[in-house]
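Contents: one structure, followed by commentary.
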Amino acid sequence: MPARPALQPGERVLVSTRAHGARLTRPFLVLLLTVFVLSTAQRALELRWRPVAEPWTTVHAGVELTLLVAAAWVVLRSCLRPLLRWWRTRYVLTTRHLVLLRPGGARRTVSLPLHQLRRVSVERRRSPALGRRDGRVVADFGPLGGLRLEHAPEAQRLAGLIRRAAEDLWAAGDGSRGGAPGLPTTRVDRDAVVAPRPGPSVAPRRAWSRRAVHQEEE
């Protein structure tokens with residue numbers, strides 16, 4: 001997976017980063033819990049049940065193997081997969097687009113033109129900040145949808161850079177060309193969200209509701 005999207009002539013990358021390491025908190029805790037449970041189960045198995053005759057020695061070995069396989073499956077699914085997804089997902093801001101690069105190639109890349117930006121904000125975290133500066137950056141692109149960047153590092157600064165890049169694009173009058181070459185039409189998927197635009201003739205719906213948002217798996 002490329003670390004940067006395809007660029008138009010004259011387009012430059014301003015920021016290329018990945019989610020804050022805090023996103024790996026849950027996989028790390030799962031890893032610690034798995035190691036603890038595995039070691040406890042193995043220790044209890046050795047103390048409580050130590051057969052010396054067949055077929056129970058074979059059954060004992062089978063139980064130990066089952067514990068190891070189960071622990072390996074949990075680590076692979078709940079620790080290694082999120083780690084690889086975190087490593088291969090990047091938030092890219094160019095002079096013309098806000099891009100979400102994810103594993104899976106161009107078909108899973110979300111690229112939205114900055115000249116369509118309506119607003120960008122940082123949502124308040126539910127948990128204590130504890131000195132961290134990461135946060136959830138929400139960029140509303142009107143009818144095109146939007147992006148919700150989870151655990152964006154230096155969230156306030158990133159939101160400011162997105163806003164400033166859009167303002168520079170508007171000031172330069174270079175907002176008529178959108179869509180990086182080689183990328184598919186943007187569609188709502190995982191971190192991409194539908195940006196609700198309630199009006200007098202449209203029944204309002206709850207912003208960023210469960211039906212409207214598809215978050216990236218933890």
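In the structure tokens, chains take the letters A, B, ... in the order shown, each chain's residues start at 1, and ligands count up from 1 in the order shown.
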Sel. of strand (DSSP E) residues, region 23-113 of chain A, as number ranges by chain: A: 90-94, 97-101, 110-113
Could you write out the selected residues, including N, CA and C atoms, as a PDB file, in the first residue's frame?
```pdb
ATOM      1  N   ARG A  90      -3.285   5.475   7.020  1.00  0.00           N
ATOM      2  CA  ARG A  90      -2.692   6.802   7.135  1.00  0.00           C
ATOM      3  C   ARG A  90      -3.734   7.879   6.842  1.00  0.00           C
ATOM      4  N   TYR A  91      -3.573   9.003   7.548  1.00  0.00           N
ATOM      5  CA  TYR A  91      -4.375  10.193   7.298  1.00  0.00           C
ATOM      6  C   TYR A  91      -3.488  11.163   6.515  1.00  0.00           C
ATOM      7  N   VAL A  92      -3.916  11.526   5.304  1.00  0.00           N
ATOM      8  CA  VAL A  92      -3.088  12.368   4.435  1.00  0.00           C
ATOM      9  C   VAL A  92      -3.861  13.634   4.070  1.00  0.00           C
ATOM     10  N   LEU A  93      -3.222  14.755   4.279  1.00  0.00           N
ATOM     11  CA  LEU A  93      -3.764  16.046   3.870  1.00  0.00           C
ATOM     12  C   LEU A  93      -2.875  16.604   2.780  1.00  0.00           C
ATOM     13  N   THR A  94      -3.454  16.879   1.616  1.00  0.00           N
ATOM     14  CA  THR A  94      -2.709  17.517   0.538  1.00  0.00           C
ATOM     15  C   THR A  94      -3.243  18.938   0.361  1.00  0.00           C
ATOM     16  N   HIS A  97      -6.834  17.789  -1.208  1.00  0.00           N
ATOM     17  CA  HIS A  97      -7.674  16.684  -0.754  1.00  0.00           C
ATOM     18  C   HIS A  97      -7.366  16.287   0.682  1.00  0.00           C
ATOM     19  N   LEU A  98      -8.369  15.725   1.333  1.00  0.00           N
ATOM     20  CA  LEU A  98      -8.182  15.010   2.588  1.00  0.00           C
ATOM     21  C   LEU A  98      -8.395  13.536   2.262  1.00  0.00           C
ATOM     22  N   VAL A  99      -7.389  12.725   2.568  1.00  0.00           N
ATOM     23  CA  VAL A  99      -7.377  11.336   2.096  1.00  0.00           C
ATOM     24  C   VAL A  99      -7.213  10.386   3.269  1.00  0.00           C
ATOM     25  N   LEU A 100      -7.972   9.303   3.225  1.00  0.00           N
ATOM     26  CA  LEU A 100      -7.817   8.209   4.177  1.00  0.00           C
ATOM     27  C   LEU A 100      -7.289   7.006   3.416  1.00  0.00           C
ATOM     28  N   LEU A 101      -6.028   6.646   3.651  1.00  0.00           N
ATOM     29  CA  LEU A 101      -5.408   5.483   3.013  1.00  0.00           C
ATOM     30  C   LEU A 101      -5.527   4.294   3.944  1.00  0.00           C
ATOM     31  N   VAL A 110     -10.337   6.634   0.581  1.00  0.00           N
ATOM     32  CA  VAL A 110     -11.349   7.694   0.552  1.00  0.00           C
ATOM     33  C   VAL A 110     -10.629   9.020   0.342  1.00  0.00           C
ATOM     34  N   SER A 111     -10.979   9.717  -0.741  1.00  0.00           N
ATOM     35  CA  SER A 111     -10.352  10.995  -1.072  1.00  0.00           C
ATOM     36  C   SER A 111     -11.435  12.031  -1.301  1.00  0.00           C
ATOM     37  N   LEU A 112     -11.423  13.093  -0.496  1.00  0.00           N
ATOM     38  CA  LEU A 112     -12.451  14.133  -0.587  1.00  0.00           C
ATOM     39  C   LEU A 112     -11.807  15.486  -0.897  1.00  0.00           C
ATOM     40  N   PRO A 113     -12.344  16.214  -1.876  1.00  0.00           N
ATOM     41  CA  PRO A 113     -11.752  17.499  -2.287  1.00  0.00           C
ATOM     42  C   PRO A 113     -11.998  18.591  -1.248  1.00  0.00           C
TER      43      PRO A 113
END
```
Write out as a list in words each polymer residue whose atoms come within 10 Å of region 164-170 of chain A, counting only C-alpha atoms; drop sequence neighbours fewer than 5 positions from it.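 Everything that qualifies: Leu14, Leu93, Thr94, Thr95, Arg96, His97, Leu98, Pro113, Leu114, His115, Gln116, Leu117, Arg118, Arg119, Leu158, Ala159, Gly175 and Ser176 of chain A.
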Within 12 Å of Arg26 (chain A), counting only C-alpha atoms, which residues qualify if same-chain residues fewer than 6 places away don't, as an NGL selection string? :A and (32-33 or 75 or 78-80 or 82-83 or 217-218)
Write the selection just made, keeping all heavy atoms, as a CSV table (one decimal), in the first residue's frame?
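Now in out.csv:
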```csv
chain,number,residue,atom,x,y,z
A,32,LEU,N,-2.2,-8.8,27.2
A,32,LEU,CA,-1.8,-9.1,28.6
A,32,LEU,C,-2.8,-10.1,29.2
A,32,LEU,O,-2.4,-11.0,29.9
A,32,LEU,CB,-1.8,-7.8,29.4
A,32,LEU,CG,-0.7,-6.7,29.0
A,32,LEU,CD1,-0.9,-5.5,29.9
A,32,LEU,CD2,0.6,-7.4,29.2
A,33,LEU,N,-4.1,-9.9,28.9
A,33,LEU,CA,-5.1,-10.7,29.5
A,33,LEU,C,-5.0,-12.2,29.0
A,33,LEU,O,-5.1,-13.1,29.7
A,33,LEU,CB,-6.5,-10.2,29.2
A,33,LEU,CG,-7.7,-11.0,29.8
A,33,LEU,CD1,-7.6,-11.1,31.3
A,33,LEU,CD2,-9.0,-10.4,29.3
A,75,VAL,N,-4.7,-13.8,19.9
A,75,VAL,CA,-3.6,-12.9,19.7
A,75,VAL,C,-3.6,-12.4,18.2
A,75,VAL,O,-3.5,-11.2,17.9
A,75,VAL,CB,-2.3,-13.4,20.1
A,75,VAL,CG1,-1.1,-12.6,19.6
A,75,VAL,CG2,-2.2,-13.6,21.6
A,78,SER,N,-7.2,-10.4,17.6
A,78,SER,CA,-7.5,-9.2,18.5
A,78,SER,C,-6.2,-8.3,18.7
A,78,SER,O,-6.4,-7.2,19.3
A,78,SER,CB,-8.1,-9.6,19.8
A,78,SER,OG,-9.3,-10.3,19.6
A,79,CYS,N,-5.0,-8.8,18.4
A,79,CYS,CA,-3.8,-8.0,18.6
A,79,CYS,C,-3.1,-7.7,17.3
A,79,CYS,O,-2.8,-6.6,17.0
A,79,CYS,CB,-2.9,-8.8,19.6
A,79,CYS,SG,-3.7,-9.1,21.2
A,80,LEU,N,-2.7,-8.8,16.6
A,80,LEU,CA,-1.9,-8.6,15.4
A,80,LEU,C,-2.6,-7.9,14.3
A,80,LEU,O,-2.1,-7.0,13.6
A,80,LEU,CB,-1.3,-9.9,14.9
A,80,LEU,CG,-0.3,-10.6,15.8
A,80,LEU,CD1,0.3,-11.8,15.2
A,80,LEU,CD2,0.9,-9.6,16.1
A,82,PRO,N,-5.3,-5.8,14.5
A,82,PRO,CA,-5.4,-4.3,14.7
A,82,PRO,C,-4.1,-3.6,14.6
A,82,PRO,O,-4.0,-2.4,14.1
A,82,PRO,CB,-5.9,-4.2,16.2
A,82,PRO,CG,-6.6,-5.5,16.4
A,82,PRO,CD,-5.8,-6.5,15.6
A,83,LEU,N,-3.0,-4.2,15.0
A,83,LEU,CA,-1.7,-3.6,14.9
A,83,LEU,C,-1.3,-3.4,13.4
A,83,LEU,O,-0.9,-2.3,13.0
A,83,LEU,CB,-0.6,-4.5,15.5
A,83,LEU,CG,0.9,-4.0,15.4
A,83,LEU,CD1,1.1,-2.7,16.0
A,83,LEU,CD2,1.8,-5.1,16.0
A,217,GLU,N,-12.9,-1.1,12.3
A,217,GLU,CA,-12.9,-2.1,13.3
A,217,GLU,C,-11.7,-1.8,14.2
A,217,GLU,O,-10.6,-1.5,13.8
A,217,GLU,CB,-12.8,-3.5,12.8
A,217,GLU,CG,-14.0,-3.9,11.9
A,217,GLU,CD,-13.8,-5.2,11.3
A,217,GLU,OE1,-12.8,-5.8,11.5
A,217,GLU,OE2,-14.8,-5.7,10.6
A,218,GLU,N,-12.0,-2.0,15.5
A,218,GLU,CA,-10.9,-1.8,16.5
A,218,GLU,C,-9.9,-3.0,16.4
A,218,GLU,O,-10.4,-4.1,16.1
A,218,GLU,CB,-11.4,-1.8,17.9
A,218,GLU,CG,-12.2,-0.4,18.1
A,218,GLU,CD,-11.3,0.8,18.2
A,218,GLU,OE1,-10.1,0.5,18.4
A,218,GLU,OE2,-11.7,1.9,18.0
```
Expressed in Å to a single decimal, how great is the separation between CA of Arg23 (chain A) and CA of Leu7 (chain A)? 28.4 Å
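With only C-alpha atoms as the atoms that count, the minimum distance from Glu64 (chain A) to the choices A:Leu76, A:Leu47, A:Ala41, A:Leu84 is reached by A:Ala41.
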At what distance in Å, to one decimal, does CA of Arg12 (chain A) lie from CA of Glu150 (chain A)? 23.5 Å
Who sits within 8 Å of Ala71 (chain A), only C-alpha atoms, same chain under 3 positions skipped, as a list in words: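 Result of the neighbour search: Thr34, Val35, Leu38, Leu67, Leu68, Val74 and Val75 of chain A.
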So which residues touch region 136-138 of chain A within 6 Å, counting only C-alpha atoms, skipping near sequence neighbours fewer than 3 positions away, as JSON, numbers by chain? {"A": [120, 121, 122, 123, 147, 148, 149, 150, 151, 152]}
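Taking CA of His60 (chain A) as the reference point, CA of Ala72 (chain A) is found at 18.6 Å.
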Could you pull out the residues in region 14-71 of chain A that DSSP calls helix (DSSP H, G or I) from the backbone, as number ranges by chain? A: 21-48, 56-71
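Among the candidates A:Gln156, A:Thr109, A:Thr58, A:Gln42, the residue lying nearest to Ala6 (chain A) is A:Thr109 (atoms considered: only C-alpha atoms).
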